[in-house]
file start_27.cif (mmCIF, C-alpha atoms and all ligand atoms)
data_query
loop_
_atom_site.group_PDB
_atom_site.id
_atom_site.type_symbol
_atom_site.label_atom_id
_atom_site.label_comp_id
_atom_site.auth_asym_id
_atom_site.auth_seq_id
_atom_site.Cartn_x
_atom_site.Cartn_y
_atom_site.Cartn_z
ATOM 1 C CA MET A 1 -3.671 -15.467 8.812
ATOM 2 C CA VAL A 2 -0.877 -14.587 11.191
ATOM 3 C CA ILE A 3 -1.915 -15.932 14.582
ATOM 4 C CA LYS A 4 -1.356 -13.343 17.329
ATOM 5 C CA ASN A 5 -3.834 -14.241 20.036
ATOM 6 C CA VAL A 6 -6.387 -16.990 20.380
ATOM 7 C CA CYS A 7 -8.769 -17.997 23.141
ATOM 8 C CA LEU A 8 -11.742 -20.225 23.772
ATOM 9 C CA GLU A 9 -14.316 -17.477 24.179
ATOM 10 C CA ILE A 10 -17.765 -19.090 24.110
ATOM 11 C CA VAL A 11 -18.938 -22.572 25.021
ATOM 12 C CA CYS A 12 -22.500 -23.557 24.115
ATOM 13 C CA GLY A 13 -24.204 -26.538 25.698
ATOM 14 C CA ILE A 14 -27.436 -28.221 24.768
ATOM 15 C CA THR A 15 -29.550 -25.563 26.499
ATOM 16 C CA SER A 16 -27.484 -22.500 25.473
ATOM 17 C CA THR A 17 -28.570 -19.970 22.903
ATOM 18 C CA ILE A 18 -26.287 -19.533 19.890
ATOM 19 C CA PRO A 19 -24.370 -16.260 20.341
ATOM 20 C CA ASP A 20 -24.968 -13.300 18.072
ATOM 21 C CA ASN A 21 -21.306 -12.707 17.256
ATOM 22 C CA ILE A 22 -19.836 -9.569 15.702
ATOM 23 C CA TYR A 23 -17.075 -11.426 13.828
ATOM 24 C CA ASP A 24 -17.352 -13.968 10.997
ATOM 25 C CA GLU A 25 -17.298 -17.673 11.817
ATOM 26 C CA VAL A 26 -16.174 -20.856 10.069
ATOM 27 C CA ALA A 27 -17.300 -24.196 11.495
ATOM 28 C CA PHE A 28 -15.871 -27.704 11.550
ATOM 29 C CA ALA A 29 -18.219 -30.673 11.511
ATOM 30 C CA GLY A 30 -17.541 -34.367 11.238
ATOM 31 C CA LYS A 31 -18.029 -37.641 13.006
ATOM 32 C CA SER A 32 -16.613 -38.181 16.436
ATOM 33 C CA ASN A 33 -12.844 -38.758 16.537
ATOM 34 C CA VAL A 34 -12.267 -37.611 12.935
ATOM 35 C CA GLY A 35 -9.866 -34.868 14.088
ATOM 36 C CA LYS A 36 -11.881 -31.620 14.316
ATOM 37 C CA SER A 37 -10.259 -30.364 17.516
ATOM 38 C CA SER A 38 -6.787 -31.431 16.299
ATOM 39 C CA LEU A 39 -7.323 -29.471 13.072
ATOM 40 C CA ILE A 40 -8.411 -26.383 15.016
ATOM 41 C CA ASN A 41 -5.290 -26.639 17.211
ATOM 42 C CA ALA A 42 -3.114 -26.903 14.103
ATOM 43 C CA LEU A 43 -4.792 -23.846 12.564
ATOM 44 C CA MET A 44 -4.224 -21.889 15.800
ATOM 45 C CA ASN A 45 -0.627 -23.118 16.220
ATOM 46 C CA ARG A 46 -1.588 -24.498 19.626
ATOM 47 C CA LYS A 47 -0.896 -27.969 20.939
ATOM 48 C CA ALA A 48 -3.897 -28.515 23.148
ATOM 49 C CA LEU A 49 -6.137 -25.455 23.456
ATOM 50 C CA ALA A 50 -8.924 -27.461 21.842
ATOM 51 C CA ARG A 51 -9.127 -30.637 23.929
ATOM 52 C CA THR A 52 -8.543 -33.801 21.893
ATOM 53 C CA SER A 53 -8.797 -37.447 22.821
ATOM 54 C CA SER A 54 -8.369 -40.871 21.305
ATOM 55 C CA GLN A 55 -11.747 -41.621 22.953
ATOM 56 C CA PRO A 56 -14.583 -40.516 20.678
ATOM 57 C CA GLY A 57 -17.073 -38.004 22.038
ATOM 58 C CA LYS A 58 -14.548 -35.574 23.538
ATOM 59 C CA THR A 59 -16.126 -32.325 22.336
ATOM 60 C CA GLN A 60 -19.709 -32.250 23.561
ATOM 61 C CA THR A 61 -20.342 -28.520 23.287
ATOM 62 C CA ILE A 62 -20.063 -25.926 20.519
ATOM 63 C CA ASN A 63 -16.787 -24.128 21.165
ATOM 64 C CA PHE A 64 -15.987 -20.722 19.673
ATOM 65 C CA TYR A 65 -12.268 -19.912 19.377
ATOM 66 C CA ASN A 66 -11.611 -16.211 18.950
ATOM 67 C CA ILE A 67 -8.734 -15.599 16.514
ATOM 68 C CA ASN A 68 -6.960 -12.217 16.780
ATOM 69 C CA ASP A 69 -10.277 -10.527 17.695
ATOM 70 C CA SER A 70 -11.166 -10.863 14.005
ATOM 71 C CA MET A 71 -13.022 -14.157 13.551
ATOM 72 C CA TYR A 72 -14.067 -17.438 15.164
ATOM 73 C CA LEU A 73 -13.179 -21.062 14.454
ATOM 74 C CA VAL A 74 -16.137 -23.115 15.665
ATOM 75 C CA ASP A 75 -15.568 -26.663 16.944
ATOM 76 C CA LEU A 76 -18.779 -28.705 16.690
ATOM 77 C CA PRO A 77 -19.532 -31.886 18.653
ATOM 78 C CA GLY A 78 -18.904 -35.050 16.649
ATOM 79 C CA TYR A 79 -21.835 -37.019 15.346
ATOM 80 C CA GLY A 80 -22.156 -40.796 15.224
ATOM 81 C CA TYR A 81 -20.617 -41.348 18.658
ATOM 82 C CA ALA A 82 -21.756 -44.925 19.270
ATOM 83 C CA ASN A 83 -21.533 -44.863 23.065
ATOM 84 C CA ALA A 84 -23.731 -41.838 23.646
ATOM 85 C CA ASN A 85 -27.313 -42.723 24.466
ATOM 86 C CA VAL A 86 -30.025 -42.111 21.889
ATOM 87 C CA GLU A 87 -31.396 -39.024 23.638
ATOM 88 C CA ILE A 88 -27.957 -37.339 23.877
ATOM 89 C CA LYS A 89 -27.194 -38.211 20.250
ATOM 90 C CA ALA A 90 -30.433 -36.612 19.134
ATOM 91 C CA LYS A 91 -29.657 -33.503 21.193
ATOM 92 C CA TRP A 92 -26.154 -33.135 19.710
ATOM 93 C CA GLY A 93 -27.679 -33.466 16.240
ATOM 94 C CA GLN A 94 -30.178 -30.755 17.127
ATOM 95 C CA MET A 95 -27.390 -28.542 18.488
ATOM 96 C CA ILE A 96 -25.377 -28.831 15.266
ATOM 97 C CA GLU A 97 -28.439 -28.225 13.082
ATOM 98 C CA ASN A 98 -29.583 -25.364 15.270
ATOM 99 C CA TYR A 99 -26.141 -23.710 15.065
ATOM 100 C CA LEU A 100 -25.873 -24.116 11.298
ATOM 101 C CA HIS A 101 -29.351 -22.608 10.926
ATOM 102 C CA THR A 102 -29.088 -19.843 13.500
ATOM 103 C CA SER A 103 -25.609 -18.357 13.111
ATOM 104 C CA LYS A 104 -25.706 -15.100 11.190
ATOM 105 C CA ARG A 105 -21.926 -14.880 10.795
ATOM 106 C CA LEU A 106 -21.229 -18.406 9.524
ATOM 107 C CA LYS A 107 -19.220 -18.020 6.306
ATOM 108 C CA ALA A 108 -18.048 -21.568 5.626
ATOM 109 C CA VAL A 109 -18.629 -25.104 6.802
ATOM 110 C CA PHE A 110 -15.858 -27.667 6.674
ATOM 111 C CA LEU A 111 -16.896 -31.304 6.760
ATOM 112 C CA LEU A 112 -14.121 -33.597 7.972
ATOM 113 C CA ILE A 113 -13.842 -37.157 6.676
ATOM 114 C CA ASP A 114 -11.180 -39.682 7.731
ATOM 115 C CA ILE A 115 -9.097 -40.155 4.568
ATOM 116 C CA ARG A 116 -8.518 -43.841 5.308
ATOM 117 C CA HIS A 117 -12.142 -44.942 5.244
ATOM 118 C CA ASP A 118 -15.097 -44.638 2.928
ATOM 119 C CA PRO A 119 -17.485 -41.953 4.241
ATOM 120 C CA SER A 120 -20.028 -43.548 6.597
ATOM 121 C CA GLU A 121 -23.791 -43.364 6.222
ATOM 122 C CA ASN A 122 -23.805 -40.572 8.801
ATOM 123 C CA ASP A 123 -21.192 -38.657 6.768
ATOM 124 C CA GLN A 124 -23.348 -39.002 3.671
ATOM 125 C CA LEU A 125 -26.470 -37.865 5.548
ATOM 126 C CA MET A 126 -24.620 -34.868 7.006
ATOM 127 C CA TYR A 127 -23.208 -33.896 3.605
ATOM 128 C CA GLU A 128 -26.617 -34.168 1.910
ATOM 129 C CA TRP A 129 -28.315 -32.259 4.726
ATOM 130 C CA MET A 130 -25.752 -29.441 4.480
ATOM 131 C CA VAL A 131 -26.170 -29.181 0.721
ATOM 132 C CA ASP A 132 -29.995 -29.216 1.134
ATOM 133 C CA GLN A 133 -29.669 -26.336 3.593
ATOM 134 C CA GLY A 134 -27.809 -24.307 0.991
ATOM 135 C CA PHE A 135 -24.243 -24.793 2.272
ATOM 136 C CA ALA A 136 -21.377 -25.768 0.000
ATOM 137 C CA PRO A 137 -19.310 -27.790 2.467
ATOM 138 C CA ILE A 138 -15.569 -27.911 1.949
ATOM 139 C CA ILE A 139 -14.295 -31.413 2.604
ATOM 140 C CA ILE A 140 -11.166 -31.992 4.662
ATOM 141 C CA ALA A 141 -9.720 -35.483 4.372
ATOM 142 C CA THR A 142 -8.080 -35.907 7.790
ATOM 143 C CA LYS A 143 -5.185 -38.035 9.071
ATOM 144 C CA ALA A 144 -3.424 -37.972 5.676
ATOM 145 C CA ASP A 145 -0.166 -38.960 7.424
ATOM 146 C CA LYS A 146 -1.658 -42.424 7.951
ATOM 147 C CA LEU A 147 -1.516 -43.112 4.208
ATOM 148 C CA LYS A 148 1.433 -43.478 1.879
ATOM 149 C CA LYS A 149 1.861 -40.410 -0.359
ATOM 150 C CA GLY A 150 0.864 -42.409 -3.444
ATOM 151 C CA GLN A 151 -2.461 -43.501 -1.914
ATOM 152 C CA VAL A 152 -3.779 -40.012 -1.096
ATOM 153 C CA ALA A 153 -5.224 -39.096 -4.508
ATOM 154 C CA ARG A 154 -7.112 -42.402 -4.814
ATOM 155 C CA HIS A 155 -8.672 -42.025 -1.338
ATOM 156 C CA VAL A 156 -9.676 -38.431 -2.109
ATOM 157 C CA GLN A 157 -11.356 -39.703 -5.266
ATOM 158 C CA THR A 158 -13.258 -42.341 -3.254
ATOM 159 C CA ILE A 159 -14.524 -39.673 -0.846
ATOM 160 C CA ARG A 160 -15.732 -37.591 -3.809
ATOM 161 C CA GLN A 161 -17.515 -40.595 -5.311
ATOM 162 C CA VAL A 162 -19.170 -41.891 -2.135
ATOM 163 C CA LEU A 163 -20.404 -38.427 -1.123
ATOM 164 C CA GLN A 164 -21.344 -37.700 -4.745
ATOM 165 C CA VAL A 165 -19.930 -34.208 -4.426
ATOM 166 C CA GLU A 166 -20.380 -31.496 -7.031
ATOM 167 C CA PRO A 167 -17.409 -31.305 -9.466
ATOM 168 C CA ASP A 168 -16.298 -27.937 -8.029
ATOM 169 C CA THR A 169 -16.272 -29.179 -4.409
ATOM 170 C CA ILE A 170 -12.900 -28.691 -2.759
ATOM 171 C CA VAL A 171 -11.365 -31.674 -0.961
ATOM 172 C CA ILE A 172 -8.184 -30.928 1.002
ATOM 173 C CA PRO A 173 -6.018 -33.712 2.420
ATOM 174 C CA PHE A 174 -4.839 -32.656 5.885
ATOM 175 C CA SER A 175 -2.633 -33.980 8.659
ATOM 176 C CA ALA A 176 -2.467 -32.579 12.174
ATOM 177 C CA GLU A 177 0.857 -34.450 12.526
ATOM 178 C CA THR A 178 2.695 -33.016 9.518
ATOM 179 C CA LYS A 179 0.471 -29.886 9.100
ATOM 180 C CA GLU A 180 0.023 -30.795 5.431
ATOM 181 C CA GLY A 181 -2.942 -28.777 4.102
ATOM 182 C CA ARG A 182 -2.816 -26.105 6.851
ATOM 183 C CA GLU A 183 -1.801 -23.241 4.566
ATOM 184 C CA GLU A 184 -4.381 -24.219 1.966
ATOM 185 C CA ILE A 185 -7.145 -24.237 4.584
ATOM 186 C CA TRP A 186 -6.088 -20.819 5.939
ATOM 187 C CA ALA A 187 -5.939 -19.381 2.412
ATOM 188 C CA LEU A 188 -9.513 -20.567 1.879
ATOM 189 C CA ILE A 189 -10.712 -19.169 5.210
ATOM 190 C CA ASP A 190 -9.000 -15.836 4.471
ATOM 191 C CA SER A 191 -10.794 -15.674 1.141
ATOM 192 C CA LEU A 192 -14.198 -16.470 2.655
ATOM 193 C CA ILE A 193 -14.356 -14.218 5.699
ATOM 194 C CA GLU A 194 -14.603 -10.462 5.975
ATOM 195 C CA LEU A 195 -12.220 -8.989 8.543
ATOM 196 C CA PRO A 196 -13.565 -6.302 10.901
ATOM 197 C CA GLU A 197 -12.789 -2.675 9.958
ATOM 198 C CA HIS A 198 -10.236 -2.101 12.754
ATOM 199 C CA VAL A 199 -8.204 -5.139 11.633
ATOM 200 C CA LYS A 200 -8.359 -4.095 7.971
ATOM 201 C CA GLU A 201 -7.146 -0.596 8.882
ATOM 202 C CA GLU A 202 -4.290 -2.026 10.945
ATOM 203 C CA LEU A 203 -3.256 -4.289 8.049
ATOM 204 C CA GLU A 204 -3.328 -1.353 5.616
ATOM 205 C CA ARG A 205 -1.195 0.730 7.988
ATOM 206 C CA LYS A 206 1.311 -2.098 8.326
ATOM 207 C CA ASN A 207 1.461 -2.571 4.549
ATOM 208 C CA LYS A 208 2.103 1.166 4.136
ATOM 209 C CA ASP A 209 4.875 1.088 6.778
ATOM 210 C CA ALA A 210 6.448 -1.914 5.069
ATOM 211 C CA GLN A 211 6.287 -0.053 1.731
ATOM 212 C CA THR A 212 8.004 3.023 3.257
ATOM 213 C CA VAL A 213 10.774 0.868 4.729
ATOM 214 C CA SER A 214 11.291 -0.862 1.398
ATOM 215 C CA ASP A 215 11.385 2.522 -0.452
ATOM 216 C CA GLU A 216 13.957 3.826 2.058
ATOM 217 C CA GLN A 217 15.986 0.661 1.578
ATOM 218 C CA LYS A 218 15.881 1.152 -2.204
ATOM 219 C CA THR A 219 17.214 4.734 -1.853
ATOM 220 C CA GLU A 220 19.932 3.486 0.507
ATOM 221 C CA ASP A 221 20.879 0.699 -1.941
ATOM 222 C CA ALA A 222 21.053 3.198 -4.816
ATOM 223 C CA LYS A 223 23.738 5.309 -3.029
ATOM 224 C CA PRO A 224 27.293 4.709 -4.309
ATOM 225 C CA GLU A 225 29.273 2.467 -1.995
ATOM 226 C CA LYS A 226 31.703 4.274 0.307
ATOM 227 C CA LYS A 227 35.346 3.539 -0.423
ATOM 228 C CA ALA A 228 36.594 0.948 2.025
ATOM 229 C CA ARG A 229 39.226 2.446 4.305
ATOM 230 C CA TRP A 230 40.660 -0.892 5.348
ATOM 231 C CA LYS A 231 41.466 -3.846 3.248
ATOM 232 C CA LYS A 232 38.552 -6.282 3.521
ATOM 233 C CA THR A 233 39.300 -9.639 5.053
ATOM 234 C CA ASP A 234 37.131 -12.613 5.944
ATOM 235 C CA ARG A 235 38.948 -13.073 9.240
ATOM 236 C CA PRO A 236 37.656 -11.210 12.285
ATOM 237 C CA VAL A 237 39.973 -8.261 13.002
ATOM 238 C CA ALA A 238 41.261 -7.915 16.563
ATOM 239 C CA ARG A 239 41.136 -4.430 18.148
ATOM 240 C CA LYS A 240 44.919 -4.453 18.649
ATOM 241 C CA THR A 241 45.540 -5.145 14.976
ATOM 242 C CA LEU A 242 43.208 -2.305 14.039
ATOM 243 C CA LYS A 243 45.016 0.132 16.352
ATOM 244 C CA LYS A 244 48.390 -0.890 14.886
ATOM 245 C CA ALA A 245 47.122 -0.489 11.363
ATOM 246 C CA LYS A 246 45.702 2.982 12.148
ATOM 247 C CA LYS A 247 49.054 4.085 13.670
ATOM 248 C CA LYS A 248 50.936 2.810 10.627
ATOM 249 C CA SER A 249 48.678 4.666 8.243
ATOM 250 C CA ALA A 250 48.926 7.877 10.294
ATOM 251 C CA ALA A 251 52.742 7.615 10.266
ATOM 252 C CA LYS A 252 52.693 7.063 6.498
ATOM 253 C CA LYS A 253 50.552 10.168 5.978
ATOM 254 C CA LYS A 254 52.966 12.311 8.053
ATOM 255 C CA SER A 255 56.009 11.180 6.069
HETATM 256 N N1 LIG A 301 -2.156 -39.586 12.983
HETATM 257 C C1 LIG A 301 -3.064 -38.608 13.142
HETATM 258 N N2 LIG A 301 -3.882 -38.623 14.221
HETATM 259 C C2 LIG A 301 -4.797 -37.640 14.335
HETATM 260 C C3 LIG A 301 -4.895 -36.584 13.375
HETATM 261 N N3 LIG A 301 -5.894 -35.771 13.770
HETATM 262 C C4 LIG A 301 -6.374 -36.262 14.912
HETATM 263 N N4 LIG A 301 -5.732 -37.381 15.274
HETATM 264 C C5 LIG A 301 -5.989 -38.213 16.472
HETATM 265 O O1 LIG A 301 -7.355 -38.652 16.433
HETATM 266 C C6 LIG A 301 -7.934 -38.634 17.733
HETATM 267 C C7 LIG A 301 -9.185 -37.758 17.731
HETATM 268 O O2 LIG A 301 -8.833 -36.415 17.467
HETATM 269 P P1 LIG A 301 -9.766 -35.194 17.923
HETATM 270 O O3 LIG A 301 -9.144 -33.968 17.336
HETATM 271 O O4 LIG A 301 -10.005 -35.232 19.375
HETATM 272 O O5 LIG A 301 -11.111 -35.574 17.152
HETATM 273 P P2 LIG A 301 -12.521 -34.835 17.214
HETATM 274 O O6 LIG A 301 -13.095 -34.908 15.844
HETATM 275 O O7 LIG A 301 -12.389 -33.479 17.799
HETATM 276 O O8 LIG A 301 -13.340 -35.805 18.180
HETATM 277 P P3 LIG A 301 -14.655 -35.475 19.080
HETATM 278 O O9 LIG A 301 -14.373 -34.263 19.893
HETATM 279 O O10 LIG A 301 -14.809 -36.712 19.889
HETATM 280 O O11 LIG A 301 -15.792 -35.298 18.127
HETATM 281 C C8 LIG A 301 -6.822 -38.111 18.669
HETATM 282 O O12 LIG A 301 -6.195 -39.236 19.254
HETATM 283 C C9 LIG A 301 -5.874 -37.386 17.741
HETATM 284 O O13 LIG A 301 -4.549 -37.377 18.195
HETATM 285 C C10 LIG A 301 -3.994 -36.606 12.247
HETATM 286 O O14 LIG A 301 -4.002 -35.749 11.365
HETATM 287 N N5 LIG A 301 -3.108 -37.634 12.202
HETATM 288 MG MG MG A 302 -13.259 -32.619 19.457
#
call {"tool": "encode", "arguments": {"input": "start_27.cif", "output": "structure tokens", "more": "lines below"}}
Ligand SMILES: Nc1nc2c(ncn2[C@@H]2O[C@H](COP(=O)(O)OP(=O)(O)OP(=O)(O)O)[C@@H](O)[C@H]2O)c(=O)[nH]1
Ligand SMILES: [Mg+2]
result
Amino acid sequence: MVIKNVCLEIVCGITSTIPDNIYDEVAFAGKSNVGKSSLINALMNRKALARTSSQPGKTQTINFYNINDSMYLVDLPGYGYANANVEIKAKWGQMIENYLHTSKRLKAVFLLIDIRHDPSENDQLMYEWMVDQGFAPIIIATKADKLKKGQVARHVQTIRQVLQVEPDTIVIPFSAETKEGREEIWALIDSLIELPEHVKEELERKNKDAQTVSDEQKTEDAKPEKKARWKKTDRPVARKTLKKAKKKSAAKKKS
């Protein structure tokens, strides 16, 4: 996806109704502080449109980021935030469940797990709940920059084992610092969502234009090269030198 314009379009609180959107959505769930908002910023090529914090519990609403008027990235509140009181925690849980149940345009759910640690009990419960509800969550192993390159595969394997994922479940190591995994995640999103008609038409038109330009270029390239009138040199030629050379050649022609 080439990012042209992005904006935070809809914010849903505990009492809000889930919007009936006209574009497809993909959502990001995971425990508090795992890096959901940072991932969304990285996907949008923005530093801080989605607010992040080293303090857990930053995102407390469901935030819909409109991408190019073609789709939404949905930032969900983090679960397992220890400092929130029991009532609030229950409400956030309800909000997430309600969204995942209600949205008609939800095409994929990404579950984020910190690559450094074994998935928590809450992570396991969330994963199982999603699978029970008929989702096939894609796992993103966040903060991959915090591990040495050689440790990544082993930690990914641990996540697979602890969550007891299906063999075909995709687990993508990702880092908001190095942007490792960004292209892979976008490729997946692109393959899972349906773009609106007007965007598809625009893309087709652009592809056609690009094809015409490349055909014209091919015809141009096929033309025989014009004979060089001046001896080619790597050095930049001063105007004066050119004038002199022209005079000389004209004089030669006359004689
Ligand atoms: N080193 C490193 N730090 C990260 C990465 N992703 C996020 N962080 C840091 O982790 C902290 C939490 O990131 P957020 O993106 O706010 O996490 P969140 O999941 O949205 O958190 P809540 O909104 O509280 O649920 C911030 O201090 C980020 O800078 C990463 O890939 N690498
Ligand atoms: Mg957040």
call {"tool": "closest_residue", "arguments": {"input": "start_27.cif", "among": "A:Asp24, A:Glu9, A:Glu177, A:Glu87", "to": "ligand LIG 301 (chain A)", "atoms": "only C-alpha atoms and all ligand atoms"}}
result
A:Glu177
call {"tool": "resolve_selection", "arguments": {"input": "start_27.cif", "expression": "the PyMOL selection byres (((not hetatm)) within 8 of (chain A and resi 301))", "output": "ChimeraX atom specification"}}
result
/A:29-40,50-60,75-79,81,142-146,174-179
call {"tool": "atom_distance", "arguments": {"input": "start_27.cif", "atom1": "CA of Gly181 (chain A)", "atom2": "CA of Arg116 (chain A)"}}
result
16.1 Å
call {"tool": "closest_residue", "arguments": {"input": "start_27.cif", "among": "A:Val6, A:Asn21, A:Gln94, A:Val74", "to": "ligand MG 302 (chain A)", "atoms": "only C-alpha atoms and all ligand atoms"}}
result
A:Val74
call {"tool": "closest_residue", "arguments": {"input": "start_27.cif", "among": "A:Ile189, A:Ile62, A:Leu125, A:Leu8", "to": "ligand MG 302 (chain A)", "atoms": "all atoms listed in the file"}}
result
A:Ile62
call {"tool": "closest_residue", "arguments": {"input": "start_27.cif", "among": "A:Leu49, A:Ala250, A:Val2, A:Ile10", "to": "ligand MG 302 (chain A)", "atoms": "all atoms listed in the file"}}
result
A:Leu49
call {"tool": "atom_distance", "arguments": {"input": "start_27.cif", "atom1": "CA of Gly13 (chain A)", "atom2": "CA of Thr61 (chain A)"}}
result
5.0 Å
call {"tool": "atom_distance", "arguments": {"input": "start_27.cif", "atom1": "CA of Tyr127 (chain A)", "atom2": "CA of Tyr99 (chain A)"}}
result
15.6 Å
call {"tool": "resolve_selection", "arguments": {"input": "start_27.cif", "expression": "the PyMOL selection byres (((chain A and resi 126) around 10) and not hetatm)", "output": "PyMOL selection string"}}
result
chain A and resi 29-31+79+93+97+111+120-125+127-132+137+163
call {"tool": "closest_residue", "arguments": {"input": "start_27.cif", "among": "A:Phe28, A:Val165, A:Trp186, A:Val199", "to": "ligand MG 302 (chain A)", "atoms": "only C-alpha atoms and all ligand atoms"}}
result
A:Phe28
call {"tool": "axis_aligned_box", "arguments": {"input": "start_27.cif", "around": "region 5-19 of chain A", "padding_each_side": "3 Å", "output": "lines of an AutoDock Vina configuration file"}}
result
center_x = -16.7
center_y = -21.2
center_z = 23.2
size_x = 31.7
size_y = 20.0
size_z = 12.6
call {"tool": "closest_residue", "arguments": {"input": "start_27.cif", "among": "A:Thr158, A:Gln164, A:Thr102, A:Ser70", "to": "Glu197 (chain A)", "atoms": "all atoms listed in the file"}}
result
A:Ser70
call {"tool": "resolve_selection", "arguments": {"input": "start_27.cif", "expression": "the PyMOL selection byres (((chain A and resi 18) around 8) and not hetatm)", "output": "list in words"}}
result
Cys12, Ser16, Thr17, Pro19, Asp20, Tyr99, Thr102 and Ser103 of chain A
call {"tool": "residues_near_point", "arguments": {"input": "start_27.cif", "point": "(-14.7, -17.2, 18.2)", "cutoff": "8 Å", "atoms": "only C-alpha atoms", "output": "list in words"}}
result
Cys7, Leu8, Glu9, Ile10, Tyr23, Glu25, Asn63, Phe64, Tyr65, Asn66, Ile67, Met71, Tyr72, Leu73 and Val74 of chain A
call {"tool": "build_atoms", "arguments": {"input": "start_27.cif", "residues": "region 119-138 of chain A", "atoms": "N, CA and C atoms", "output": "PDB file, in the frame of the given file"}}
result
ATOM      1  N   PRO A 119     -16.565 -42.711   3.389  1.00  0.00           N
ATOM      2  CA  PRO A 119     -17.485 -41.953   4.241  1.00  0.00           C
ATOM      3  C   PRO A 119     -18.625 -42.851   4.729  1.00  0.00           C
ATOM      4  N   SER A 120     -18.972 -42.709   6.007  1.00  0.00           N
ATOM      5  CA  SER A 120     -20.028 -43.548   6.597  1.00  0.00           C
ATOM      6  C   SER A 120     -21.403 -43.042   6.158  1.00  0.00           C
ATOM      7  N   GLU A 121     -22.435 -43.793   6.554  1.00  0.00           N
ATOM      8  CA  GLU A 121     -23.791 -43.364   6.222  1.00  0.00           C
ATOM      9  C   GLU A 121     -24.086 -42.011   6.864  1.00  0.00           C
ATOM     10  N   ASN A 122     -23.595 -41.857   8.114  1.00  0.00           N
ATOM     11  CA  ASN A 122     -23.805 -40.572   8.801  1.00  0.00           C
ATOM     12  C   ASN A 122     -23.125 -39.427   8.057  1.00  0.00           C
ATOM     13  N   ASP A 123     -21.904 -39.693   7.544  1.00  0.00           N
ATOM     14  CA  ASP A 123     -21.192 -38.657   6.768  1.00  0.00           C
ATOM     15  C   ASP A 123     -22.019 -38.264   5.551  1.00  0.00           C
ATOM     16  N   GLN A 124     -22.559 -39.284   4.883  1.00  0.00           N
ATOM     17  CA  GLN A 124     -23.348 -39.002   3.671  1.00  0.00           C
ATOM     18  C   GLN A 124     -24.589 -38.186   4.016  1.00  0.00           C
ATOM     19  N   LEU A 125     -25.259 -38.588   5.138  1.00  0.00           N
ATOM     20  CA  LEU A 125     -26.470 -37.865   5.548  1.00  0.00           C
ATOM     21  C   LEU A 125     -26.127 -36.418   5.884  1.00  0.00           C
ATOM     22  N   MET A 126     -25.022 -36.221   6.602  1.00  0.00           N
ATOM     23  CA  MET A 126     -24.620 -34.868   7.006  1.00  0.00           C
ATOM     24  C   MET A 126     -24.308 -34.030   5.765  1.00  0.00           C
ATOM     25  N   TYR A 127     -23.563 -34.625   4.822  1.00  0.00           N
ATOM     26  CA  TYR A 127     -23.208 -33.896   3.605  1.00  0.00           C
ATOM     27  C   TYR A 127     -24.475 -33.474   2.848  1.00  0.00           C
ATOM     28  N   GLU A 128     -25.381 -34.464   2.669  1.00  0.00           N
ATOM     29  CA  GLU A 128     -26.617 -34.168   1.910  1.00  0.00           C
ATOM     30  C   GLU A 128     -27.444 -33.101   2.624  1.00  0.00           C
ATOM     31  N   TRP A 129     -27.523 -33.230   3.951  1.00  0.00           N
ATOM     32  CA  TRP A 129     -28.315 -32.259   4.726  1.00  0.00           C
ATOM     33  C   TRP A 129     -27.737 -30.849   4.545  1.00  0.00           C
ATOM     34  N   MET A 130     -26.393 -30.758   4.627  1.00  0.00           N
ATOM     35  CA  MET A 130     -25.752 -29.441   4.480  1.00  0.00           C
ATOM     36  C   MET A 130     -26.047 -28.840   3.111  1.00  0.00           C
ATOM     37  N   VAL A 131     -25.925 -29.674   2.084  1.00  0.00           N
ATOM     38  CA  VAL A 131     -26.170 -29.181   0.721  1.00  0.00           C
ATOM     39  C   VAL A 131     -27.631 -28.739   0.594  1.00  0.00           C
ATOM     40  N   ASP A 132     -28.559 -29.574   1.160  1.00  0.00           N
ATOM     41  CA  ASP A 132     -29.995 -29.216   1.134  1.00  0.00           C
ATOM     42  C   ASP A 132     -30.258 -27.880   1.804  1.00  0.00           C
ATOM     43  N   GLN A 133     -29.469 -27.593   2.841  1.00  0.00           N
ATOM     44  CA  GLN A 133     -29.669 -26.336   3.593  1.00  0.00           C
ATOM     45  C   GLN A 133     -29.015 -25.143   2.896  1.00  0.00           C
ATOM     46  N   GLY A 134     -28.384 -25.406   1.767  1.00  0.00           N
ATOM     47  CA  GLY A 134     -27.809 -24.307   0.991  1.00  0.00           C
ATOM     48  C   GLY A 134     -26.322 -24.073   1.261  1.00  0.00           C
ATOM     49  N   PHE A 135     -25.689 -24.941   2.056  1.00  0.00           N
ATOM     50  CA  PHE A 135     -24.243 -24.793   2.272  1.00  0.00           C
ATOM     51  C   PHE A 135     -23.481 -25.496   1.151  1.00  0.00           C
ATOM     52  N   ALA A 136     -22.255 -25.060   0.940  1.00  0.00           N
ATOM     53  CA  ALA A 136     -21.377 -25.768   0.000  1.00  0.00           C
ATOM     54  C   ALA A 136     -20.188 -26.255   0.826  1.00  0.00           C
ATOM     55  N   PRO A 137     -20.361 -27.389   1.538  1.00  0.00           N
ATOM     56  CA  PRO A 137     -19.310 -27.790   2.467  1.00  0.00           C
ATOM     57  C   PRO A 137     -17.979 -28.042   1.773  1.00  0.00           C
ATOM     58  N   ILE A 138     -16.916 -27.626   2.441  1.00  0.00           N
ATOM     59  CA  ILE A 138     -15.569 -27.911   1.949  1.00  0.00           C
ATOM     60  C   ILE A 138     -15.129 -29.163   2.705  1.00  0.00           C
TER      61      ILE A 138
END
